[in-house]
Structures are given as C-alpha cells and as structure tokens.
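Q: So that we are looking at the same thing, I have put the structure below in structure tokens.
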Amino acid sequence: MAAVSATCLRFQPLFSQSNKSGQAAASLKPLSVGWAKNTGFPSLKASRFRVSCAAKPETVDKVIEIVRKQLALTPETELTNESKFAALGADSLDTVEIVMALEEEFDINVEEESSQNITTVREAADMIDKLVQEKAGGGS
C-alpha cells in the first residue's frame with residue numbers, strides 16, 4: 001500500500017508561450033490544494049481553490065467596461081471574472097446587446113451557438129481572446 005504525506009501541492013506551468021510580438025501569452029496560474037494528513041484522499045478547500053481566467057487582463061477589463069455600460073451599472077457595482085450577467089439584472093436581450101457590443105469592440109464575429117453559452121465575464125473574455133487569436137492566425 002502506497003502512502004503520500006503532504007500539506008500542500010502546487011501546480012505551475014513548466015513553460016509559457018510567447019505570441020508573435022514576443023510578449024508572454026496568458027498562462028496558467030499556480031493552484032494550491034490542501035491535503036489533510038490523516039486521510040488518504042486530497043481535500044479541496046474552497047478558500048484555497050481558485051480558477052484563474054485564461055483571458056488577457058486587458059480583455060477582461062474591456063469586457064467589464066462594456067458590460068457596465070450596456071447594463072447601466074453604477075461604478076460601485078462590483079464586477080469580477082465570475083460575475084454572471086443574469087445576477088447583474090441582464091435578460092436575454094441584454095446579453096445579445098452585450099455580445100453585439102463585444103463583436104464591434106473587438107472586430108470579431110460570435111456564432112449564435114457560442115453566444116448562448118456566454119453567461120459570465122470570464123466566459124466572454126475567454127471566447128474573445130480565442131476568436132481574436134483565430135482571426136490573427138487566419139482562422140476566419
């Protein structure tokens with residue numbers, strides 16, 4: 001029987017990719033997982049488990065700016081990667097208008113199937129970065 005004893009594991013990327021301009025592309029962030037000493041299985045603690053947005057910070061900031069404008073949110077309204085459009089008061093028409101504003105701002109075309117899956121700032125930013133990258137690579 002094998003046994004593992006640890007108090008914390010960290011996962012980090014071994015390398016990061018550079019884009020054409022020589023800047024480091026968005027890469028994975030460290031992930032910590034707590035491990036209880038007297039149990040045989042790891043225990044994920046919500047306070048220590050964070051999933052980072054893969055999109056570029058400037059993309060996230062622009063998405064937040066557009067969402068704030070489209071939904072007429074006050075500057076005091078907190079918006080994060082995990083902010084859900086529905087929780088901010090957006091209905092399906094608001095979400096369509098957000099997607100249209102994102103398409104115009106980033107000069108992209110979002111397929112209808114993809115737009116129906118966008119419910120958070122993070123999902124929108126991730127999709128935008130993917131479409132912009134595909135467009136730059138000649139994918140469209």
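Simple scheme: letters A, B, ... for chains in structure tokens order, numbers from 1 for residues in each chain, numbers from 1 for ligands in the order shown.
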Just want the 12 Å neighbourhood of A:Asp61, counted on only C-alpha atoms, with same-chain residues fewer than 3 positions away dropped. Output as a ChimeraX atom specification.

A: /A:53,55-58,64-68,79-81,121-122,124-125

Q: Mind dumping the selected residues with N, CA, C and O atoms as an mmCIF file, in the first residue's frame?

A:
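Below is the file that was written, part_5.cif:
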data_model
loop_
_atom_site.group_PDB
_atom_site.id
_atom_site.type_symbol
_atom_site.label_atom_id
_atom_site.label_comp_id
_atom_site.auth_asym_id
_atom_site.auth_seq_id
_atom_site.Cartn_x
_atom_site.Cartn_y
_atom_site.Cartn_z
ATOM 1 N N CYS A 53 -8.803 33.195 -14.702
ATOM 2 C CA CYS A 53 -9.265 33.475 -16.049
ATOM 3 C C CYS A 53 -8.095 33.342 -17.011
ATOM 4 O O CYS A 53 -7.018 33.866 -16.773
ATOM 5 N N ALA A 55 -8.088 34.507 -20.062
ATOM 6 C CA ALA A 55 -8.047 35.656 -20.958
ATOM 7 C C ALA A 55 -7.047 36.696 -20.461
ATOM 8 O O ALA A 55 -6.703 36.750 -19.284
ATOM 9 N N LYS A 56 -6.604 37.520 -21.386
ATOM 10 C CA LYS A 56 -5.684 38.603 -21.045
ATOM 11 C C LYS A 56 -6.387 39.595 -20.119
ATOM 12 O O LYS A 56 -7.585 39.857 -20.285
ATOM 13 N N PRO A 57 -5.665 40.163 -19.152
ATOM 14 C CA PRO A 57 -6.276 41.134 -18.229
ATOM 15 C C PRO A 57 -6.922 42.314 -18.959
ATOM 16 O O PRO A 57 -7.985 42.781 -18.556
ATOM 17 N N GLU A 58 -6.314 42.777 -20.042
ATOM 18 C CA GLU A 58 -6.891 43.915 -20.763
ATOM 19 C C GLU A 58 -8.208 43.538 -21.442
ATOM 20 O O GLU A 58 -9.105 44.363 -21.577
ATOM 21 N N ILE A 64 -15.551 44.037 -18.881
ATOM 22 C CA ILE A 64 -16.204 44.629 -17.711
ATOM 23 C C ILE A 64 -16.730 46.021 -18.048
ATOM 24 O O ILE A 64 -17.856 46.378 -17.695
ATOM 25 N N GLU A 65 -15.929 46.800 -18.762
ATOM 26 C CA GLU A 65 -16.337 48.153 -19.157
ATOM 27 C C GLU A 65 -17.594 48.111 -20.033
ATOM 28 O O GLU A 65 -18.539 48.885 -19.831
ATOM 29 N N ILE A 66 -17.617 47.195 -20.994
ATOM 30 C CA ILE A 66 -18.758 47.072 -21.901
ATOM 31 C C ILE A 66 -19.999 46.580 -21.162
ATOM 32 O O ILE A 66 -21.102 47.104 -21.350
ATOM 33 N N VAL A 67 -19.839 45.592 -20.294
ATOM 34 C CA VAL A 67 -20.975 45.081 -19.520
ATOM 35 C C VAL A 67 -21.538 46.190 -18.633
ATOM 36 O O VAL A 67 -22.755 46.385 -18.553
ATOM 37 N N ARG A 68 -20.654 46.930 -17.979
ATOM 38 C CA ARG A 68 -21.091 48.031 -17.115
ATOM 39 C C ARG A 68 -21.905 49.053 -17.917
ATOM 40 O O ARG A 68 -22.954 49.511 -17.479
ATOM 41 N N LEU A 79 -17.741 44.151 -10.333
ATOM 42 C CA LEU A 79 -17.712 43.193 -11.434
ATOM 43 C C LEU A 79 -16.391 42.449 -11.389
ATOM 44 O O LEU A 79 -15.329 43.056 -11.279
ATOM 45 N N THR A 80 -16.475 41.114 -11.470
ATOM 46 C CA THR A 80 -15.286 40.272 -11.463
ATOM 47 C C THR A 80 -15.393 39.276 -12.621
ATOM 48 O O THR A 80 -16.402 39.257 -13.336
ATOM 49 N N ASN A 81 -14.376 38.428 -12.747
ATOM 50 C CA ASN A 81 -14.409 37.373 -13.770
ATOM 51 C C ASN A 81 -15.637 36.497 -13.631
ATOM 52 O O ASN A 81 -16.169 36.007 -14.616
ATOM 53 N N VAL A 121 -18.505 37.149 -17.199
ATOM 54 C CA VAL A 121 -17.435 37.977 -17.759
ATOM 55 C C VAL A 121 -16.294 37.095 -18.237
ATOM 56 O O VAL A 121 -15.758 37.290 -19.331
ATOM 57 N N ARG A 122 -15.913 36.096 -17.436
ATOM 58 C CA ARG A 122 -14.802 35.210 -17.803
ATOM 59 C C ARG A 122 -15.084 34.463 -19.106
ATOM 60 O O ARG A 122 -14.223 34.373 -19.977
ATOM 61 N N ALA A 124 -17.022 35.346 -21.540
ATOM 62 C CA ALA A 124 -16.960 36.303 -22.644
ATOM 63 C C ALA A 124 -15.511 36.628 -22.998
ATOM 64 O O ALA A 124 -15.127 36.611 -24.172
ATOM 65 N N ALA A 125 -14.696 36.911 -21.996
ATOM 66 C CA ALA A 125 -13.288 37.273 -22.236
ATOM 67 C C ALA A 125 -12.518 36.111 -22.845
ATOM 68 O O ALA A 125 -11.718 36.306 -23.771
#

Q: Restricting the calculation to only C-alpha atoms, which member of A:Ala86, A:Ala54, A:Leu131, A:Leu71 is positioned closest to A:Phe106?

A: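 Ranked by minimum distance to A:Phe106, first place goes to A:Leu131.
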
Q: For each of A:Thr95, A:Thr77, A:Asn109, A:Ser114, take the minimum atom-to-atom distance to A:Lys135, counting only C-alpha atoms, then give the residue where this is smallest.

A: A:Asn109

Q: I'd like the neighbourhood of A:Met100 as a PyMOL selection string, where a residue qualifies if any of its atoms comes within 12 Å (using only C-alpha atoms), though same-chain residues fewer than 2 positions away should be ignored.

A: chain A and resi 63+66-67+70+93-98+102-112+115+124+128

Q: Between A:Ile118, A:Val132, A:Val99, A:Leu88, single out the one closest to A:Thr74, counting only C-alpha atoms.

A: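 Going through A:Ile118, A:Val132, A:Val99, A:Leu88 one by one, the smallest distance to A:Thr74 is for A:Leu88.
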
Q: May I ask which of the residues A:Lys130, A:Gln116, A:Lys62, A:Glu123 is the closest one to A:Ser92, counting only C-alpha atoms?

A: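 That would be A:Gln116, the residue with the smallest distance to A:Ser92.
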
Q: One decimal, Å: what's the distance from atom CA of A:Thr120 over to atom CA of A:Glu82, could you say?

A: 5.8 Å

Q: In Å, rounded to a single decimal, give me how far atom CA of A:Gln133 is from atom CA of A:Ser83.

A: 24.0 Å

Q: Rounded to one decimal in Å, what is the spacing between atom CA of A:Val60 and atom CA of A:Ala72?

A: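 Atom CA of A:Val60 sits 17.8 Å away from atom CA of A:Ala72.
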